[in-house]
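Following: one structure in structure tokens, then a few remarks.
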Amino acid sequence: MLKVIEKPAAREASEELLPLDEIAREGARRMLIEALKAEADDYVERHRGERDEYGRALVVRNGRAQGRKLTLGAGTVELKAPRVDDRRRDEQGGRQRFTSHILPRYMRRSPKVAEVLPILYLRGLSTGDFRPALEGLLGKDAAGLSATNITRLTACWEKEYTAFRQRDLAGREYVYVWVDGVHFNIRLEDDRLCALVMIGARPNGEKELLAVEDGYRESAESWKALLRDLKRRGMTTPPLVAVGDGALGFWAAAREVWPETREQGCWCHKLGNVLDKLPQRLQPRAKRTLHEMMYAECRADCEAARARFEAEYQPKYPKAVESLTAKWERLVTFFDFPAEHWKHLRTTNVIESPFATVRLRERATRGAGSRTKGLLMAFKLLEMVQLRWRHLDGAQLLPLVRAGVKFAEGVQVDPVKHVTRSTDNQP
């Protein structure tokens, strides 16, 4: 523990107390040295009884290694790790070696610092801005902040993405899925990248990223290829409900590959399309009526709000009414499922929200460098956000929904069925 010792009055006035960050770094350095020393001493003590033919200890302390700089969350510190001379031989005749679990060989950054660098990249920090942005926090001697090192850190994403696309889905079931095609720019290319994204809800209420694929303008053929690939890898049971926007490509593909899956339109997309067809002065009032439909307690209330909207806007703004009523049944599917799930089924916000970060990254880099880089960026952002996704409300009802229990206006209408809830923790 770093002790704060009051300086004698006799010391020179120019000798000042260290700034707070320097105290923290010095404290971290001293604590790390003590931990490394304790680790080395423990290793030597555990093998204290092992001797050679002359009775000499085979495992002994051997001074300290050459100094090196290590970047921690508290900043960059310089230290000399203790060394251990281990002269024992293994069964194959090779030398044993002491390896610190706290500070492995060649480590120059703590794992937490290494993890945060790609996150900052995804959040919009350009590769060339890492050093000026982090020098004040981590110190001027911080290692691994060059543009080349940041690029190297992100290079491993391609292997992770390949493994994600090839993973086995056998035995995994999904009650609901959310789908969307997210467009963003690619530098030096005329066509924008359309990332086809799918997220599924497991029977235990957990949300899981299912797919991130390159699609051509959300075409039906692109979606068909994605759905068939999921089926080929083991997802043989289609979800009960798919939630998406008004793009025709997915719905056409789903009717062919998942004919049993019911359709639920995204209310946020619908509201945006309707309001675009009204003058700005009328939009706040119209939006309140649209929200009455979206958040209605039952289908009848929703239909009544729709009738009021039609009566008010049909004479002068028929295109707004036409936009609202198109594919109307797709908007009210959620009434046939538990009320606890309505908030999840009404929109595709689970996909839309993370991609605000993708657009932030776009502004920093003027678009992804290639289509592959764009997909990797989308994949890593969603994978990172996935760790914070909440389980669905009313998760205990998902096995009932999966078993075919009927609901009306959010309430179960079938007799009570005892359904064994899936543990759903299988790999």
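A note on labels: chains of the structure tokens are A, B, ... as shown, every chain counts residues from 1, and ligands are counted from 1 in their shown order.
Residues with any atom within 10 Å of Cys298 of chain A, counting only C-alpha atoms and excluding same-chain neighbours fewer than 6 positions away, are Val332, Phe335, Ala339, Ala408, Glu409 and Gly410 of chain A.
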Using only all heavy atoms, please write the residues we just selected to a file, as an mmCIF file, in the first residue's frame.
data_model
loop_
_atom_site.group_PDB
_atom_site.id
_atom_site.type_symbol
_atom_site.label_atom_id
_atom_site.label_comp_id
_atom_site.auth_asym_id
_atom_site.auth_seq_id
_atom_site.Cartn_x
_atom_site.Cartn_y
_atom_site.Cartn_z
ATOM 1 N N VAL A 332 -50.590 -5.567 -36.264
ATOM 2 C CA VAL A 332 -51.328 -5.901 -35.033
ATOM 3 C C VAL A 332 -51.189 -7.363 -34.654
ATOM 4 O O VAL A 332 -51.944 -7.865 -33.807
ATOM 5 C CB VAL A 332 -52.817 -5.516 -35.187
ATOM 6 C CG1 VAL A 332 -52.960 -4.009 -35.276
ATOM 7 C CG2 VAL A 332 -53.448 -6.191 -36.402
ATOM 8 N N PHE A 335 -50.914 -8.545 -30.781
ATOM 9 C CA PHE A 335 -52.041 -8.717 -29.861
ATOM 10 C C PHE A 335 -52.339 -10.189 -29.585
ATOM 11 O O PHE A 335 -53.020 -10.516 -28.611
ATOM 12 C CB PHE A 335 -53.300 -8.040 -30.421
ATOM 13 C CG PHE A 335 -53.284 -6.538 -30.302
ATOM 14 C CD1 PHE A 335 -53.242 -5.742 -31.437
ATOM 15 C CD2 PHE A 335 -53.308 -5.929 -29.057
ATOM 16 C CE1 PHE A 335 -53.228 -4.359 -31.332
ATOM 17 C CE2 PHE A 335 -53.288 -4.545 -28.941
ATOM 18 C CZ PHE A 335 -53.254 -3.749 -30.079
ATOM 19 N N ALA A 339 -49.007 -10.125 -23.318
ATOM 20 C CA ALA A 339 -48.862 -8.670 -23.177
ATOM 21 C C ALA A 339 -47.463 -8.293 -22.714
ATOM 22 O O ALA A 339 -46.951 -7.221 -23.067
ATOM 23 C CB ALA A 339 -49.905 -8.135 -22.200
ATOM 24 N N ALA A 408 -54.944 -14.124 -26.442
ATOM 25 C CA ALA A 408 -55.776 -13.126 -27.098
ATOM 26 C C ALA A 408 -55.728 -11.847 -26.289
ATOM 27 O O ALA A 408 -55.918 -11.880 -25.065
ATOM 28 C CB ALA A 408 -57.220 -13.617 -27.227
ATOM 29 N N GLU A 409 -55.458 -10.754 -26.957
ATOM 30 C CA GLU A 409 -55.316 -9.458 -26.283
ATOM 31 C C GLU A 409 -54.284 -9.527 -25.148
ATOM 32 O O GLU A 409 -54.425 -8.874 -24.119
ATOM 33 C CB GLU A 409 -56.655 -8.956 -25.743
ATOM 34 C CG GLU A 409 -57.793 -8.962 -26.742
ATOM 35 C CD GLU A 409 -57.572 -8.010 -27.909
ATOM 36 O OE1 GLU A 409 -56.579 -7.252 -27.893
ATOM 37 O OE2 GLU A 409 -58.383 -8.033 -28.850
ATOM 38 N N GLY A 410 -53.268 -10.381 -25.332
ATOM 39 C CA GLY A 410 -52.190 -10.482 -24.358
ATOM 40 C C GLY A 410 -52.428 -11.445 -23.225
ATOM 41 O O GLY A 410 -51.552 -11.641 -22.381
#
message = With DSSP run on the backbone, what are the strand (DSSP E or B) residues within segment 254-402 of chain A? I'd like them as a PyMOL selection string.
response = chain A and resi 262-265+368
key: Distance in Å - atom CA of Phe250 of chain A versus atom CA of Ser219 of chain A   = 7.3 Å
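For Gln386 of chain A, the set of protein, DNA and RNA residues having any atom at most 12 Å away, when counting only C-alpha atoms and skipping those fewer than 6 positions along the same chain, is Ile199, Gly200, Ala201, Glu206, Lys207, Glu208, Leu209, Leu210, Val350, Ile351, Ser353, Pro354, Phe379 and Lys380 of chain A.
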Take the residues that were just selected and, keeping N, CA, C and O atoms, output them as a PDB file, in the first residue's frame.
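Generated output (again_16.pdb):
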ATOM      1  N   ILE A 199     -31.609 -11.086 -35.139  1.00  0.00           N
ATOM      2  CA  ILE A 199     -31.439 -11.359 -33.716  1.00  0.00           C
ATOM      3  C   ILE A 199     -32.596 -12.228 -33.271  1.00  0.00           C
ATOM      4  O   ILE A 199     -33.749 -11.983 -33.650  1.00  0.00           O
ATOM      5  N   GLY A 200     -32.312 -13.271 -32.496  1.00  0.00           N
ATOM      6  CA  GLY A 200     -33.351 -14.194 -32.060  1.00  0.00           C
ATOM      7  C   GLY A 200     -33.560 -14.172 -30.560  1.00  0.00           C
ATOM      8  O   GLY A 200     -32.665 -13.812 -29.797  1.00  0.00           O
ATOM      9  N   ALA A 201     -34.761 -14.553 -30.136  1.00  0.00           N
ATOM     10  CA  ALA A 201     -35.096 -14.685 -28.709  1.00  0.00           C
ATOM     11  C   ALA A 201     -35.216 -16.164 -28.383  1.00  0.00           C
ATOM     12  O   ALA A 201     -36.050 -16.873 -28.959  1.00  0.00           O
ATOM     13  N   GLU A 206     -33.385 -15.096 -23.521  1.00  0.00           N
ATOM     14  CA  GLU A 206     -32.122 -14.485 -23.920  1.00  0.00           C
ATOM     15  C   GLU A 206     -32.160 -14.068 -25.387  1.00  0.00           C
ATOM     16  O   GLU A 206     -32.656 -14.803 -26.240  1.00  0.00           O
ATOM     17  N   LYS A 207     -31.633 -12.872 -25.678  1.00  0.00           N
ATOM     18  CA  LYS A 207     -31.504 -12.417 -27.060  1.00  0.00           C
ATOM     19  C   LYS A 207     -30.125 -12.811 -27.582  1.00  0.00           C
ATOM     20  O   LYS A 207     -29.135 -12.686 -26.864  1.00  0.00           O
ATOM     21  N   GLU A 208     -30.089 -13.235 -28.820  1.00  0.00           N
ATOM     22  CA  GLU A 208     -28.835 -13.732 -29.385  1.00  0.00           C
ATOM     23  C   GLU A 208     -28.674 -13.261 -30.823  1.00  0.00           C
ATOM     24  O   GLU A 208     -29.623 -13.313 -31.618  1.00  0.00           O
ATOM     25  N   LEU A 209     -27.484 -12.795 -31.152  1.00  0.00           N
ATOM     26  CA  LEU A 209     -27.181 -12.407 -32.526  1.00  0.00           C
ATOM     27  C   LEU A 209     -27.119 -13.661 -33.391  1.00  0.00           C
ATOM     28  O   LEU A 209     -26.342 -14.573 -33.127  1.00  0.00           O
ATOM     29  N   LEU A 210     -27.952 -13.690 -34.439  1.00  0.00           N
ATOM     30  CA  LEU A 210     -28.033 -14.874 -35.291  1.00  0.00           C
ATOM     31  C   LEU A 210     -27.274 -14.722 -36.599  1.00  0.00           C
ATOM     32  O   LEU A 210     -26.651 -15.671 -37.075  1.00  0.00           O
ATOM     33  N   VAL A 350     -34.082  -3.203 -31.147  1.00  0.00           N
ATOM     34  CA  VAL A 350     -32.948  -3.990 -30.672  1.00  0.00           C
ATOM     35  C   VAL A 350     -31.828  -4.006 -31.715  1.00  0.00           C
ATOM     36  O   VAL A 350     -30.646  -4.149 -31.376  1.00  0.00           O
ATOM     37  N   ILE A 351     -32.181  -3.825 -32.993  1.00  0.00           N
ATOM     38  CA  ILE A 351     -31.184  -3.740 -34.065  1.00  0.00           C
ATOM     39  C   ILE A 351     -30.816  -2.294 -34.349  1.00  0.00           C
ATOM     40  O   ILE A 351     -29.645  -1.949 -34.532  1.00  0.00           O
ATOM     41  N   SER A 353     -30.821   0.478 -32.499  1.00  0.00           N
ATOM     42  CA  SER A 353     -30.047   1.247 -31.511  1.00  0.00           C
ATOM     43  C   SER A 353     -28.540   1.061 -31.650  1.00  0.00           C
ATOM     44  O   SER A 353     -27.792   2.039 -31.665  1.00  0.00           O
ATOM     45  N   PRO A 354     -28.014  -0.172 -31.732  1.00  0.00           N
ATOM     46  CA  PRO A 354     -26.558  -0.320 -31.840  1.00  0.00           C
ATOM     47  C   PRO A 354     -25.967   0.327 -33.081  1.00  0.00           C
ATOM     48  O   PRO A 354     -24.808   0.747 -33.078  1.00  0.00           O
ATOM     49  N   PHE A 379     -20.545  -6.526 -37.122  1.00  0.00           N
ATOM     50  CA  PHE A 379     -20.545  -7.747 -36.307  1.00  0.00           C
ATOM     51  C   PHE A 379     -19.993  -7.483 -34.908  1.00  0.00           C
ATOM     52  O   PHE A 379     -20.588  -7.879 -33.902  1.00  0.00           O
ATOM     53  N   LYS A 380     -18.845  -6.815 -34.826  1.00  0.00           N
ATOM     54  CA  LYS A 380     -18.224  -6.581 -33.520  1.00  0.00           C
ATOM     55  C   LYS A 380     -19.064  -5.641 -32.656  1.00  0.00           C
ATOM     56  O   LYS A 380     -19.147  -5.811 -31.446  1.00  0.00           O
TER      57      LYS A 380
END
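Using only C-alpha atoms, the smallest distance between any of A:Gly215, A:Gly205, A:Pro399, A:Gly234 and Gly171 of chain A comes from A:Gly234.
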ask   = Contacts of Ala35 of chain A at 9 Å or less, counting only C-alpha atoms, minus same-chain residues fewer than 5 places along, as a PyMOL selection string?
value = chain A and resi 30+40+102
Keeping N, CA, C and O atoms for every residue in the selection just given, could you write it to a file as a tab-separated table (two decimals), in the first residue's frame?
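Contents of the output file out.tsv:
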chain	number	residue	atom	x	y	z
A	30	ARG	N	4.08	-0.07	-7.36
A	30	ARG	CA	4.57	-0.74	-6.15
A	30	ARG	C	3.75	-1.99	-5.82
A	30	ARG	O	4.31	-3.03	-5.44
A	40	ALA	N	6.60	-15.08	-7.31
A	40	ALA	CA	7.88	-15.77	-7.51
A	40	ALA	C	8.30	-16.50	-6.24
A	40	ALA	O	8.77	-17.65	-6.29
A	102	ILE	N	0.55	-13.30	-13.55
A	102	ILE	CA	0.20	-11.88	-13.42
A	102	ILE	C	0.75	-11.09	-14.58
A	102	ILE	O	0.05	-10.25	-15.17
task = Might you pull out every residue within 9 Å of Gln96 of chain A, with only C-alpha atoms counted and same-chain residues fewer than 3 positions away left off, and present them as a PyMOL selection string?
result = chain A and resi 86-90
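Picture a line from atom CA of Leu32 of chain A to atom CA of Arg48 of chain A; it runs 24.0 Å.
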